[in-house]
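Undergrad: File follows, upload37.txt with compact mmCIF, C-alpha atoms and all ligand atoms:
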# COMPACT_ATOMS: atom_id res chain seq x y z
CA MET A 196 -3.04 4.46 -30.91
CA LYS A 197 -3.71 4.78 -27.17
CA PRO A 198 -1.28 2.77 -25.06
CA ASP A 199 -2.54 -0.40 -23.42
CA LEU A 200 -2.51 0.26 -19.67
CA THR A 201 -3.75 -3.19 -18.63
CA THR A 202 -1.46 -4.61 -16.00
CA ASN A 203 -1.06 -8.12 -14.67
CA LEU A 204 0.23 -8.04 -11.11
CA CYS A 205 0.86 -11.59 -9.91
CA GLY A 206 -2.29 -12.78 -11.66
CA ILE A 207 -4.44 -9.78 -10.67
CA LYS A 208 -5.79 -8.43 -13.94
CA MET A 209 -5.98 -4.65 -13.69
CA SER A 210 -7.26 -2.10 -16.21
CA ASN A 211 -4.33 0.19 -15.34
CA PRO A 212 -1.39 0.19 -12.90
CA VAL A 213 -2.87 2.68 -10.39
CA VAL A 214 -4.20 1.24 -7.11
CA THR A 215 -5.34 2.80 -3.85
CA ALA A 216 -2.88 2.64 -0.96
CA SER A 217 -4.44 0.91 2.04
CA GLY A 218 -6.08 3.16 4.63
CA THR A 219 -6.52 6.24 2.49
CA SER A 220 -9.84 5.38 0.87
CA GLY A 221 -11.49 3.23 3.52
CA TYR A 222 -13.68 0.47 2.06
CA GLY A 223 -14.85 2.45 -0.95
CA GLN A 224 -18.05 3.84 0.50
CA GLU A 225 -17.05 7.53 0.42
CA PHE A 226 -15.29 7.44 -2.96
CA SER A 227 -18.14 5.54 -4.59
CA GLN A 228 -20.28 8.65 -4.05
CA PHE A 229 -17.89 10.58 -6.29
CA TYR A 230 -17.17 8.14 -9.10
CA ASP A 231 -17.12 4.53 -10.31
CA LEU A 232 -14.45 2.66 -8.32
CA GLY A 233 -13.68 0.79 -11.55
CA VAL A 234 -11.40 3.72 -12.45
CA PHE A 235 -8.70 2.17 -10.24
CA GLY A 236 -6.52 -0.68 -11.41
CA ALA A 237 -7.30 -2.26 -8.03
CA PHE A 238 -8.88 -1.08 -4.78
CA THR A 239 -6.92 -1.83 -1.62
CA VAL A 240 -9.00 -1.52 1.55
CA LYS A 241 -7.94 -0.29 4.99
CA SER A 242 -6.22 -3.04 6.99
CA ILE A 243 -8.64 -5.44 8.67
CA THR A 244 -8.13 -7.34 11.92
CA ILE A 245 -9.86 -10.41 13.28
CA GLU A 246 -11.80 -8.51 15.96
CA LYS A 247 -13.05 -4.95 16.19
CA ARG A 248 -10.38 -2.36 17.13
CA GLU A 249 -10.83 1.32 17.89
CA GLY A 250 -7.47 2.55 16.63
CA ASN A 251 -5.49 5.21 18.49
CA PRO A 252 -6.84 8.19 20.44
CA THR A 253 -7.32 11.60 18.79
CA PRO A 254 -5.80 13.88 17.60
CA ARG A 255 -4.32 11.44 15.15
CA ILE A 256 -3.62 13.55 12.09
CA ALA A 257 -1.10 16.40 11.88
CA GLU A 258 -0.07 18.18 8.71
CA CYS A 259 3.61 18.96 8.29
CA THR A 260 5.83 20.42 5.59
CA GLY A 261 5.53 18.24 2.52
CA GLY A 262 3.38 15.60 4.11
CA LEU A 263 1.08 14.23 6.73
CA LEU A 264 1.62 12.53 10.07
CA ASN A 265 -1.02 10.02 11.11
CA SER A 266 -1.49 7.76 14.06
CA ILE A 267 -4.83 6.24 13.10
CA GLY A 268 -3.53 2.82 14.09
CA ILE A 269 -5.49 -0.15 12.89
CA GLN A 270 -9.07 0.94 13.31
CA SER A 271 -11.16 -1.97 12.11
CA GLN A 272 -14.69 -3.26 12.58
CA GLY A 273 -13.33 -6.78 12.31
CA VAL A 274 -13.22 -9.21 9.41
CA ARG A 275 -16.83 -10.45 9.72
CA HIS A 276 -18.20 -6.93 9.63
CA PHE A 277 -16.09 -6.26 6.53
CA ILE A 278 -17.54 -9.32 4.79
CA GLN A 279 -21.14 -8.49 5.70
CA LYS A 280 -21.16 -4.70 5.35
CA ASP A 281 -18.28 -3.55 3.13
CA LEU A 282 -17.47 -6.30 0.65
CA PRO A 283 -20.97 -6.30 -0.98
CA LEU A 284 -20.47 -2.68 -2.12
CA LEU A 285 -17.01 -3.39 -3.52
CA ARG A 286 -18.36 -6.43 -5.39
CA GLN A 287 -20.68 -4.13 -7.35
CA TYR A 288 -17.72 -2.54 -9.14
CA ASN A 289 -15.60 -3.94 -11.89
CA VAL A 290 -12.40 -3.54 -9.86
CA PRO A 291 -10.10 -6.12 -8.31
CA VAL A 292 -10.30 -5.87 -4.52
CA ILE A 293 -7.11 -6.25 -2.51
CA VAL A 294 -7.89 -6.88 1.14
CA SER A 295 -5.24 -5.63 3.53
CA ILE A 296 -4.99 -7.57 6.78
CA ALA A 297 -3.25 -6.78 10.06
CA GLY A 298 -2.73 -8.66 13.29
CA LEU A 299 -1.48 -8.22 16.82
CA SER A 300 0.21 -11.60 16.80
CA VAL A 301 1.67 -13.88 14.14
CA ASP A 302 -1.34 -16.21 14.53
CA GLU A 303 -3.93 -13.55 13.85
CA TYR A 304 -2.87 -13.05 10.23
CA PRO A 305 -3.66 -16.58 9.01
CA ARG A 306 -6.90 -16.52 10.99
CA VAL A 307 -8.12 -13.44 9.11
CA ALA A 308 -6.88 -14.85 5.78
CA THR A 309 -8.71 -18.17 6.33
CA ILE A 310 -12.03 -16.35 6.78
CA LEU A 311 -11.44 -14.14 3.71
CA ASP A 312 -10.41 -17.08 1.54
CA GLN A 313 -13.98 -18.37 1.54
CA GLU A 314 -15.42 -15.14 0.12
CA GLU A 315 -16.20 -14.24 -3.49
CA GLY A 316 -14.93 -10.99 -4.94
CA ILE A 317 -11.46 -10.78 -3.41
CA SER A 318 -8.51 -10.70 -5.81
CA ALA A 319 -5.59 -10.70 -3.37
CA ILE A 320 -4.60 -10.40 0.26
CA GLU A 321 -2.13 -7.69 1.25
CA VAL A 322 -0.38 -8.41 4.52
CA ASN A 323 0.36 -5.29 6.52
CA ILE A 324 3.38 -6.33 8.53
CA SER A 325 4.50 -2.75 8.63
CA CYS A 326 2.11 -0.56 10.56
CA PRO A 327 4.38 1.54 12.79
CA ASN A 328 1.78 2.64 15.29
CA LEU A 329 0.25 -0.42 16.92
CA GLU A 330 0.78 -0.38 20.66
CA ALA A 331 1.54 -4.09 20.84
CA ASP A 332 4.40 -6.12 19.44
CA GLY A 333 2.96 -5.54 15.96
CA CYS A 334 5.27 -2.58 15.46
CA SER A 335 8.27 -4.85 15.11
CA PHE A 336 6.94 -7.60 12.77
CA GLY A 337 8.05 -5.92 9.58
CA GLY A 338 11.49 -5.05 10.91
CA ASP A 339 12.48 -8.67 11.36
CA PRO A 340 13.10 -10.72 8.20
CA GLU A 341 12.38 -14.02 9.95
CA ILE A 342 9.07 -12.96 11.53
CA SER A 343 8.02 -11.21 8.32
CA GLY A 344 8.65 -14.43 6.41
CA GLN A 345 6.84 -16.49 9.05
CA ILE A 346 3.71 -14.35 8.74
CA ILE A 347 3.73 -14.54 4.94
CA GLY A 348 4.29 -18.31 5.03
CA ALA A 349 1.41 -18.73 7.49
CA VAL A 350 -0.96 -16.61 5.36
CA LYS A 351 0.09 -18.44 2.15
CA SER A 352 -0.79 -21.78 3.71
CA THR A 353 -4.39 -20.65 4.29
CA THR A 354 -5.27 -19.19 0.89
CA SER A 355 -4.99 -19.75 -2.81
CA LEU A 356 -5.26 -15.98 -3.42
CA PRO A 357 -2.13 -14.02 -4.35
CA VAL A 358 -0.41 -12.70 -1.21
CA ILE A 359 1.22 -9.26 -1.25
CA ALA A 360 3.60 -8.29 1.57
CA LYS A 361 3.36 -4.60 2.50
CA LEU A 362 6.79 -3.55 3.72
CA THR A 363 7.82 -0.91 6.20
CA PRO A 364 10.62 1.56 5.40
CA ASN A 365 11.51 1.73 9.11
CA VAL A 366 14.28 -0.84 8.71
CA THR A 367 18.01 -0.86 8.08
CA ASP A 368 17.95 -3.07 4.99
CA ILE A 369 14.62 -3.41 3.19
CA THR A 370 16.08 -5.93 0.73
CA ALA A 371 16.59 -8.44 3.55
CA ILE A 372 12.87 -8.27 4.39
CA ALA A 373 11.87 -8.43 0.70
CA LYS A 374 14.05 -11.48 0.09
CA SER A 375 12.68 -13.24 3.16
CA VAL A 376 9.02 -12.71 2.21
CA GLU A 377 9.78 -13.82 -1.36
CA THR A 378 11.38 -17.00 -0.07
CA CYS A 379 8.34 -17.64 2.14
CA GLY A 380 5.97 -17.39 -0.81
CA ALA A 381 4.92 -13.74 -1.25
CA ASP A 382 3.56 -13.21 -4.75
CA ALA A 383 4.33 -9.47 -4.70
CA VAL A 384 5.56 -6.74 -2.40
CA ALA A 385 4.03 -3.32 -1.77
CA LEU A 386 6.29 -0.55 -0.48
CA ILE A 387 6.61 1.78 1.29
CA ASN A 388 4.38 2.18 4.30
CA THR A 389 4.72 5.36 6.39
CA LEU A 390 7.96 6.44 8.07
CA GLY A 391 8.02 6.91 11.84
CA GLY A 392 7.68 10.61 12.67
CA MET A 393 6.72 13.07 15.38
CA ALA A 394 5.71 16.72 15.68
CA ILE A 395 5.49 19.08 18.66
CA ASP A 396 3.23 22.12 19.12
CA ILE A 397 5.71 24.72 20.38
CA GLN A 398 3.04 26.82 22.11
CA THR A 399 1.58 24.02 24.22
CA ARG A 400 4.82 21.95 24.09
CA LYS A 401 2.63 18.91 23.58
CA PRO A 402 3.03 16.33 20.84
CA LYS A 403 0.66 17.04 17.96
CA LEU A 404 -0.52 13.42 17.98
CA ALA A 405 -2.12 11.85 21.05
CA ASN A 406 -0.13 8.72 20.26
CA ILE A 407 3.04 10.93 20.29
CA ILE A 408 4.60 9.05 17.37
CA GLY A 409 2.92 8.53 14.01
CA GLY A 410 3.63 7.65 10.39
CA LEU A 411 4.78 10.17 7.81
CA SER A 412 3.32 10.05 4.30
CA GLY A 413 2.99 12.36 1.30
CA PRO A 414 5.41 13.99 -1.16
CA VAL A 415 8.21 14.34 1.39
CA ILE A 416 8.69 10.55 1.49
CA LYS A 417 8.82 9.98 -2.27
CA PRO A 418 12.63 9.93 -2.66
CA ILE A 419 12.81 7.27 0.07
CA GLY A 420 10.12 5.22 -1.64
CA ILE A 421 11.87 5.50 -5.00
CA LYS A 422 15.18 4.39 -3.48
CA MET A 423 13.63 1.42 -1.71
CA VAL A 424 11.62 0.28 -4.75
CA TRP A 425 14.78 0.41 -6.84
CA GLN A 426 16.73 -1.54 -4.20
CA VAL A 427 14.00 -4.16 -3.89
CA TYR A 428 13.60 -4.39 -7.69
CA ASN A 429 17.25 -5.37 -7.86
CA ALA A 430 16.94 -7.88 -5.03
CA VAL A 431 13.82 -9.96 -5.82
CA GLN A 432 11.96 -11.43 -8.79
CA ILE A 433 8.39 -10.79 -7.59
CA PRO A 434 6.49 -7.69 -8.78
CA ILE A 435 6.35 -4.47 -6.79
CA ILE A 436 3.57 -2.00 -5.99
CA GLY A 437 5.46 1.28 -5.59
CA ILE A 438 3.93 3.56 -2.96
CA GLY A 439 4.97 6.75 -1.19
CA GLY A 440 4.25 10.37 -2.02
CA ILE A 441 2.72 9.85 -5.45
CA MET A 442 0.86 13.09 -6.15
CA THR A 443 1.14 13.32 -9.95
CA TRP A 444 1.54 11.13 -13.03
CA GLU A 445 5.22 12.13 -13.13
CA ASP A 446 5.67 10.59 -9.67
CA ALA A 447 3.98 7.40 -10.88
CA ILE A 448 6.30 7.19 -13.91
CA GLU A 449 9.30 7.68 -11.61
CA TYR A 450 8.23 4.66 -9.54
CA ILE A 451 7.74 2.54 -12.67
CA LEU A 452 11.22 3.53 -13.91
CA ALA A 453 12.58 2.47 -10.50
CA GLY A 454 11.00 -0.97 -10.98
CA ALA A 455 7.36 -0.84 -9.90
CA THR A 456 4.78 -2.86 -11.84
CA ALA A 457 1.89 -0.97 -10.22
CA VAL A 458 1.70 2.22 -8.17
CA GLY A 459 -0.27 2.98 -5.01
CA VAL A 460 -1.74 6.40 -4.32
CA GLY A 461 -2.52 7.35 -0.71
CA THR A 462 -2.21 10.85 0.76
CA ALA A 463 -2.90 12.43 -2.64
CA LEU A 464 -6.38 10.87 -2.60
CA LEU A 465 -7.10 12.45 0.78
CA GLN A 466 -6.28 15.83 -0.75
CA ASP A 467 -8.05 15.28 -4.07
CA PRO A 468 -9.98 12.07 -4.77
CA TRP A 469 -10.09 12.95 -8.49
CA VAL A 470 -6.31 12.97 -8.86
CA VAL A 471 -6.51 9.33 -9.96
CA PHE A 472 -7.96 10.40 -13.32
CA ASP A 473 -5.01 12.78 -13.97
CA ILE A 474 -2.47 10.15 -12.95
CA ILE A 475 -3.91 7.49 -15.28
CA GLU A 476 -4.26 9.94 -18.17
CA GLY A 477 -0.73 11.28 -17.59
CA ILE A 478 0.81 7.79 -17.67
CA SER A 479 -1.02 7.08 -20.92
CA GLU A 480 0.12 10.34 -22.55
CA TYR A 481 3.72 9.85 -21.42
CA LEU A 482 3.82 6.38 -22.98
CA GLU A 483 2.19 7.65 -26.18
CA LYS A 484 4.63 10.59 -26.49
CA ASN A 485 7.54 8.20 -26.06
CA GLY A 486 6.21 5.81 -28.69
CA LEU A 487 5.54 3.06 -26.13
CA ASN A 488 2.52 0.84 -25.79
CA ARG A 489 2.72 -0.51 -22.23
CA SER A 490 4.00 0.67 -18.85
CA ASP A 491 5.91 -2.63 -18.71
CA ASP A 492 8.14 -1.15 -21.44
CA ILE A 493 9.62 1.34 -18.96
CA ARG A 494 9.56 -0.77 -15.81
CA GLY A 495 13.00 -0.65 -14.19
CA LYS A 496 14.36 1.23 -17.22
CA ILE A 497 16.17 3.88 -15.20
CA LYS A 498 19.33 4.84 -17.12
CA LEU A 499 22.20 4.46 -14.71
CA PRO A 500 25.52 6.27 -15.12
CA GLU A 501 28.12 4.18 -17.00
CA THR A 502 30.60 2.59 -14.64
CA PRO A 503 34.15 3.61 -15.58
C1 LIG B 1 -4.49 8.03 7.09
C2 LIG B 1 -3.64 6.86 6.67
C3 LIG B 1 -4.02 5.57 7.03
C4 LIG B 1 -3.26 4.46 6.62
N1 LIG B 1 -3.66 3.19 6.96
C5 LIG B 1 -2.96 2.13 6.49
C6 LIG B 1 -3.41 0.80 6.76
O1 LIG B 1 -4.45 0.57 7.40
N2 LIG B 1 -2.66 -0.23 6.27
C7 LIG B 1 -1.51 -0.04 5.52
O2 LIG B 1 -0.89 -1.01 5.11
N3 LIG B 1 -1.08 1.22 5.26
C8 LIG B 1 -1.77 2.29 5.72
N4 LIG B 1 -1.35 3.56 5.41
C9 LIG B 1 -0.12 3.75 4.60
C10 LIG B 1 -0.44 3.97 3.12
O3 LIG B 1 -1.08 2.85 2.55
C11 LIG B 1 0.85 4.28 2.32
O4 LIG B 1 1.71 3.16 2.38
C12 LIG B 1 1.58 5.49 2.86
O5 LIG B 1 0.68 6.51 3.26
C13 LIG B 1 2.56 6.08 1.82
O6 LIG B 1 1.87 6.48 0.66
P1 LIG B 1 1.38 8.00 0.40
O7 LIG B 1 2.57 8.89 0.64
O8 LIG B 1 0.90 8.01 -1.02
O9 LIG B 1 0.28 8.27 1.37
C14 LIG B 1 -2.09 4.68 5.83
C15 LIG B 1 -1.72 5.99 5.47
C16 LIG B 1 -2.48 7.07 5.87
C17 LIG B 1 -2.06 8.46 5.45
In structure tokens, what does this structure look like?
Ligand SMILES: Cc1cc2nc3c(=O)[nH]c(=O)nc-3n(C[C@H](O)[C@H](O)[C@H](O)COP(=O)(O)O)c2cc1C

TA:
Amino acid sequence: MKPDLTTNLCGIKMSNPVVTASGTSGYGQEFSQFYDLGVFGAFTVKSITIEKREGNPTPRIAECTGGLLNSIGIQSQGVRHFIQKDLPLLRQYNVPVIVSIAGLSVDEYPRVATILDQEEGISAIEVNISCPNLEADGCSFGGDPEISGQIIGAVKSTTSLPVIAKLTPNVTDITAIAKSVETCGADAVALINTLGGMAIDIQTRKPKLANIIGGLSGPVIKPIGIKMVWQVYNAVQIPIIGIGGIMTWEDAIEYILAGATAVGVGTALLQDPWVVFDIIEGISEYLEKNGLNRSDDIRGKIKLPETP
């Protein structure tokens, strides 16, 4: 019998545990030309701000060994544009929509969430407290447990939707941030966002990104993501979306063994939008071969060395 991949992530009912990582598949328009967005367990949109923002200057993408540096920043048409122009398309698909929100100040987050709360067809709000490349104070929100908790608490008070805190790895102790957002009401955490990085063109001696510093994603960050998911799994009770360098179904299984309930795929989708089919199929076959019925059966089931 085929394993049952249905996944319940803090009340979000998903057909499988594979979701898009925010910012790597826009608002679904491009991918919907390739296939039915209902293939994903959930579709997470690019972070949305209250007003329109242009994002950072170009060039803002640079490939590097084992990954990708980006300094897109939060490019957003604003929340009202999203509701009028993007949400109607997403509503046509049988897929839970997770709306990622970002802000330049603590107050902006609940303002965006309040507007979204009135709309049909949204399954959860993901709060991007972690974007490392905003020019304003935004870069430090996710590094401070107290401010991170404050933002989550403020968003929670405006909405009855599940609230997911998207955490940055650019911190000393990610468990402190995870515990704080849990205490302030987060229903789940998603981690990791990109790691701060930089690259220099040795011929021109100029930084490869106009913003100088960007965020590193892709396979090179996977071991960091696995470590942080495992640490957070052992520190909080709320479910985890494991993200960072997932290119194959094996990577997805690794995250689930580390403690993830769902997995987010980002850079891999930029390289090959169809990879999602292989990842879902691979998870199913792995479970079947191991005589298991659900991915929950292996969640956090890493076998640790015996302590002497
Ligand atoms: C081009 C690009 C844009 C991104 N934009 C966002 C964003 O708007 N909000 C967010 O929370 N994360 C954003 N991310 C981070 C991803 O959601 C993900 O956390 C990160 O890339 C690690 O996963 P990956 O290695 O599978 O790409 C972006 C990543 C990339 C590569």

Undergrad: If I take atom CA of A:Tyr230 and atom CA of A:Asn289, how far is one from the other in Å, to one decimal?

TA: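 Here the two named atoms are 12.5 Å from each other.
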
Undergrad: One decimal, Å: what's the distance from atom CA of A:Leu232 over to atom CA of A:Gln287, could you say?

TA: 9.3 Å

Undergrad: Near stretch 213-215 of chain A, counting all atoms listed in the file, which residues have an atom at most 9 Å away, once you skip same-chain residues fewer than 3 positions from it, shown as an mmCIF file with C-alpha atoms, in the frame of the given file?

TA:
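In the end it all went to part_11.cif:
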data_model
loop_
_atom_site.group_PDB
_atom_site.id
_atom_site.type_symbol
_atom_site.label_atom_id
_atom_site.label_comp_id
_atom_site.auth_asym_id
_atom_site.auth_seq_id
_atom_site.Cartn_x
_atom_site.Cartn_y
_atom_site.Cartn_z
ATOM 1 C CA MET A 209 -5.980 -4.650 -13.690
ATOM 2 C CA SER A 210 -7.260 -2.100 -16.210
ATOM 3 C CA GLY A 218 -6.080 3.160 4.630
ATOM 4 C CA THR A 219 -6.520 6.240 2.490
ATOM 5 C CA SER A 220 -9.840 5.380 0.870
ATOM 6 C CA VAL A 234 -11.400 3.720 -12.450
ATOM 7 C CA PHE A 235 -8.700 2.170 -10.240
ATOM 8 C CA GLY A 236 -6.520 -0.680 -11.410
ATOM 9 C CA ALA A 237 -7.300 -2.260 -8.030
ATOM 10 C CA PHE A 238 -8.880 -1.080 -4.780
ATOM 11 C CA THR A 239 -6.920 -1.830 -1.620
ATOM 12 C CA VAL A 240 -9.000 -1.520 1.550
ATOM 13 C CA ILE A 436 3.570 -2.000 -5.990
ATOM 14 C CA ALA A 447 3.980 7.400 -10.880
ATOM 15 C CA ALA A 457 1.890 -0.970 -10.220
ATOM 16 C CA VAL A 458 1.700 2.220 -8.170
ATOM 17 C CA GLY A 459 -0.270 2.980 -5.010
ATOM 18 C CA VAL A 460 -1.740 6.400 -4.320
ATOM 19 C CA GLY A 461 -2.520 7.350 -0.710
ATOM 20 C CA LEU A 464 -6.380 10.870 -2.600
ATOM 21 C CA VAL A 471 -6.510 9.330 -9.960
ATOM 22 C CA ILE A 474 -2.470 10.150 -12.950
ATOM 23 C CA ILE A 475 -3.910 7.490 -15.280
#

Undergrad: Just how far from atom CA of A:Leu465 is atom C10 of ligand LIG 1 (chain B), in Å to one decimal?

TA: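 According to the coordinates, atom C10 of ligand LIG 1 (chain B) and atom CA of A:Leu465 are separated by 11.0 Å.
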
Undergrad: Measuring atom to atom with all atoms listed in the file, identify which of A:Ile478, A:Lys484, A:Ala319, A:Gly454 is nearest to A:Lys498.

TA: A:Gly454

Undergrad: Per residue of chain A within 6 Å of ligand LIG 1 (chain B), note the shortest atom pair and the distance in Å to one decimal, counting all atoms listed in the file, and order the rows by chain and increasing residue number, as JSON lines.

TA:
{"residue": "A:Ala216", "atom": "CA", "partner": "B:LIG1", "partner_atom": "O3", "distance": 4.0}
{"residue": "A:Ser217", "atom": "CA", "partner": "B:LIG1", "partner_atom": "O3", "distance": 3.9}
{"residue": "A:Gly218", "atom": "CA", "partner": "B:LIG1", "partner_atom": "N1", "distance": 3.4}
{"residue": "A:Thr219", "atom": "CA", "partner": "B:LIG1", "partner_atom": "C2", "distance": 5.1}
{"residue": "A:Lys241", "atom": "CA", "partner": "B:LIG1", "partner_atom": "O1", "distance": 4.3}
{"residue": "A:Ser242", "atom": "CA", "partner": "B:LIG1", "partner_atom": "O1", "distance": 4.0}
{"residue": "A:Asn265", "atom": "CA", "partner": "B:LIG1", "partner_atom": "C1", "distance": 5.7}
{"residue": "A:Ile269", "atom": "CA", "partner": "B:LIG1", "partner_atom": "O1", "distance": 5.6}
{"residue": "A:Asn323", "atom": "CA", "partner": "B:LIG1", "partner_atom": "O2", "distance": 4.7}
{"residue": "A:Ile387", "atom": "CA", "partner": "B:LIG1", "partner_atom": "O4", "distance": 5.2}
{"residue": "A:Asn388", "atom": "CA", "partner": "B:LIG1", "partner_atom": "O4", "distance": 3.4}
{"residue": "A:Thr389", "atom": "CA", "partner": "B:LIG1", "partner_atom": "C12", "distance": 4.7}
{"residue": "A:Ser412", "atom": "CA", "partner": "B:LIG1", "partner_atom": "O7", "distance": 3.9}
{"residue": "A:Gly413", "atom": "CA", "partner": "B:LIG1", "partner_atom": "O7", "distance": 3.6}
{"residue": "A:Ile438", "atom": "CA", "partner": "B:LIG1", "partner_atom": "O6", "distance": 5.1}
{"residue": "A:Gly439", "atom": "CA", "partner": "B:LIG1", "partner_atom": "O6", "distance": 3.6}
{"residue": "A:Gly440", "atom": "CA", "partner": "B:LIG1", "partner_atom": "O7", "distance": 3.5}
{"residue": "A:Ile441", "atom": "CA", "partner": "B:LIG1", "partner_atom": "O8", "distance": 5.1}
{"residue": "A:Val460", "atom": "CA", "partner": "B:LIG1", "partner_atom": "O8", "distance": 4.5}
{"residue": "A:Gly461", "atom": "CA", "partner": "B:LIG1", "partner_atom": "O8", "distance": 3.5}
{"residue": "A:Thr462", "atom": "CA", "partner": "B:LIG1", "partner_atom": "O9", "distance": 3.6}

Undergrad: So that I can see what lies close to A:Ile243, please list as a ChimeraX atom specification the residues with an atom at most 9 Å from it, counting all atoms listed in the file and leaving out residues fewer than 6 positions away in the same chain.

TA: /A:269-274,277,294-298,307

Undergrad: Go through stretch 331-402 of chain A residue by residue and, counting only C-alpha atoms, keep those with an atom at most 12 Å from stretch 255-259 of chain A; for each kept residue give the shortest atom pair and its distance in Å to one decimal, ordered by chain and increasing number, as a Markdown table.

TA:
| residue | atom | partner | partner_atom | distance |
| --- | --- | --- | --- | --- |
| A:Gly392 | CA | A:Cys259 | CA | 10.3 |
| A:Met393 | CA | A:Ala257 | CA | 9.2 |
| A:Ala394 | CA | A:Ala257 | CA | 7.8 |
| A:Ile395 | CA | A:Ala257 | CA | 9.8 |
| A:Asp396 | CA | A:Ala257 | CA | 10.2 |
| A:Pro402 | CA | A:Ala257 | CA | 9.9 |

Undergrad: For stretch 372-374 of chain A, list every protein, DNA or RNA residue within 6 Å, evaluated using all atoms listed in the file, and leave out those in the same chain fewer than 3 positions away; present the list as a list of chain:residue names.

TA: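 Non-adjacent residues within range: A:Pro340, A:Ile369, A:Glu377.
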
Undergrad: Take the residues from that selection and write them out as a short mmCIF file (atom, residue, chain, number, x, y, z; two decimals), keeping the file's coordinate frame, keeping C-alpha atoms.

TA:
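Written out: out_34.cif:
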data_model
loop_
_atom_site.label_atom_id
_atom_site.label_comp_id
_atom_site.auth_asym_id
_atom_site.auth_seq_id
_atom_site.Cartn_x
_atom_site.Cartn_y
_atom_site.Cartn_z
CA PRO A 340 13.10 -10.72 8.20
CA ILE A 369 14.62 -3.41 3.19
CA GLU A 377 9.78 -13.82 -1.36
#

Undergrad: Find the spatial neighbours of A:Thr202, counting all atoms listed in the file, within a cut-off of 10 Å - ignore same-chain residues fewer than 2 positions away - and output them as a short mmCIF file (atom, residue, chain, number, x, y, z; two decimals) with C-alpha atoms, in the coordinates of the input.

TA:
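Wrote result-v7.cif, looks like this:
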data_model
loop_
_atom_site.label_atom_id
_atom_site.label_comp_id
_atom_site.auth_asym_id
_atom_site.auth_seq_id
_atom_site.Cartn_x
_atom_site.Cartn_y
_atom_site.Cartn_z
CA ASP A 199 -2.54 -0.40 -23.42
CA LEU A 200 -2.51 0.26 -19.67
CA LEU A 204 0.23 -8.04 -11.11
CA CYS A 205 0.86 -11.59 -9.91
CA GLY A 206 -2.29 -12.78 -11.66
CA ILE A 207 -4.44 -9.78 -10.67
CA LYS A 208 -5.79 -8.43 -13.94
CA MET A 209 -5.98 -4.65 -13.69
CA SER A 210 -7.26 -2.10 -16.21
CA ASN A 211 -4.33 0.19 -15.34
CA PRO A 212 -1.39 0.19 -12.90
CA VAL A 213 -2.87 2.68 -10.39
CA GLY A 236 -6.52 -0.68 -11.41
CA THR A 456 4.78 -2.86 -11.84
CA ALA A 457 1.89 -0.97 -10.22
CA ARG A 489 2.72 -0.51 -22.23
CA SER A 490 4.00 0.67 -18.85
CA ASP A 491 5.91 -2.63 -18.71
#

Undergrad: For A:Leu482, which residue out of A:Ile451, A:Ile397, A:Leu499, A:Val366 is the nearest one, using all atoms listed in the file?

TA: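 For A:Leu482, the nearest of the candidates is A:Ile451.
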
Undergrad: Which one is closest to A:Asp302: A:Gly348, A:Ala455, A:Phe229, A:Val376? Count all atoms listed in the file.

TA: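 Among the listed residues, A:Gly348 lies closest to A:Asp302.
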
Undergrad: So which one's closest to A:Ile421, A:Pro198, A:Gly437, A:Gly338, A:Gly261? Using all atoms listed in the file, please.

TA: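 The answer is A:Gly437, which sits nearest to A:Ile421.
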
Undergrad: Which residue, A:Pro252, A:Gly316, A:Pro364, A:Gly337, has the smallest gap to A:Ile278 when you use all atoms listed in the file?

TA: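 Counting all atoms listed in the file, the residue closest to A:Ile278 is A:Gly316.
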
Undergrad: Using all atoms listed in the file, which protein or nucleic acid residues come within 8 Å of A:Leu390? Drop anything in the same chain fewer than 6 positions from it, and give the result as an MDAnalysis selection string.

TA: chainID A and resid 327 363:365 410:412 416

Undergrad: Write the residues of the selection above to a file with C-alpha atoms, as a PDB file, in the frame of the given file.

TA:
ATOM      1  CA  PRO A 327       4.380   1.540  12.790  1.00  0.00           C
ATOM      2  CA  THR A 363       7.820  -0.910   6.200  1.00  0.00           C
ATOM      3  CA  PRO A 364      10.620   1.560   5.400  1.00  0.00           C
ATOM      4  CA  ASN A 365      11.510   1.730   9.110  1.00  0.00           C
ATOM      5  CA  GLY A 410       3.630   7.650  10.390  1.00  0.00           C
ATOM      6  CA  LEU A 411       4.780  10.170   7.810  1.00  0.00           C
ATOM      7  CA  SER A 412       3.320  10.050   4.300  1.00  0.00           C
ATOM      8  CA  ILE A 416       8.690  10.550   1.490  1.00  0.00           C
TER       9      ILE A 416
END

Undergrad: Smallest atom-to-atom distance to A:Ile359: which of A:Met423, A:Ile433, A:Pro291, A:Leu487, using all atoms listed in the file?

TA: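 Looking at the shortest contact to A:Ile359, the residue is A:Ile433.
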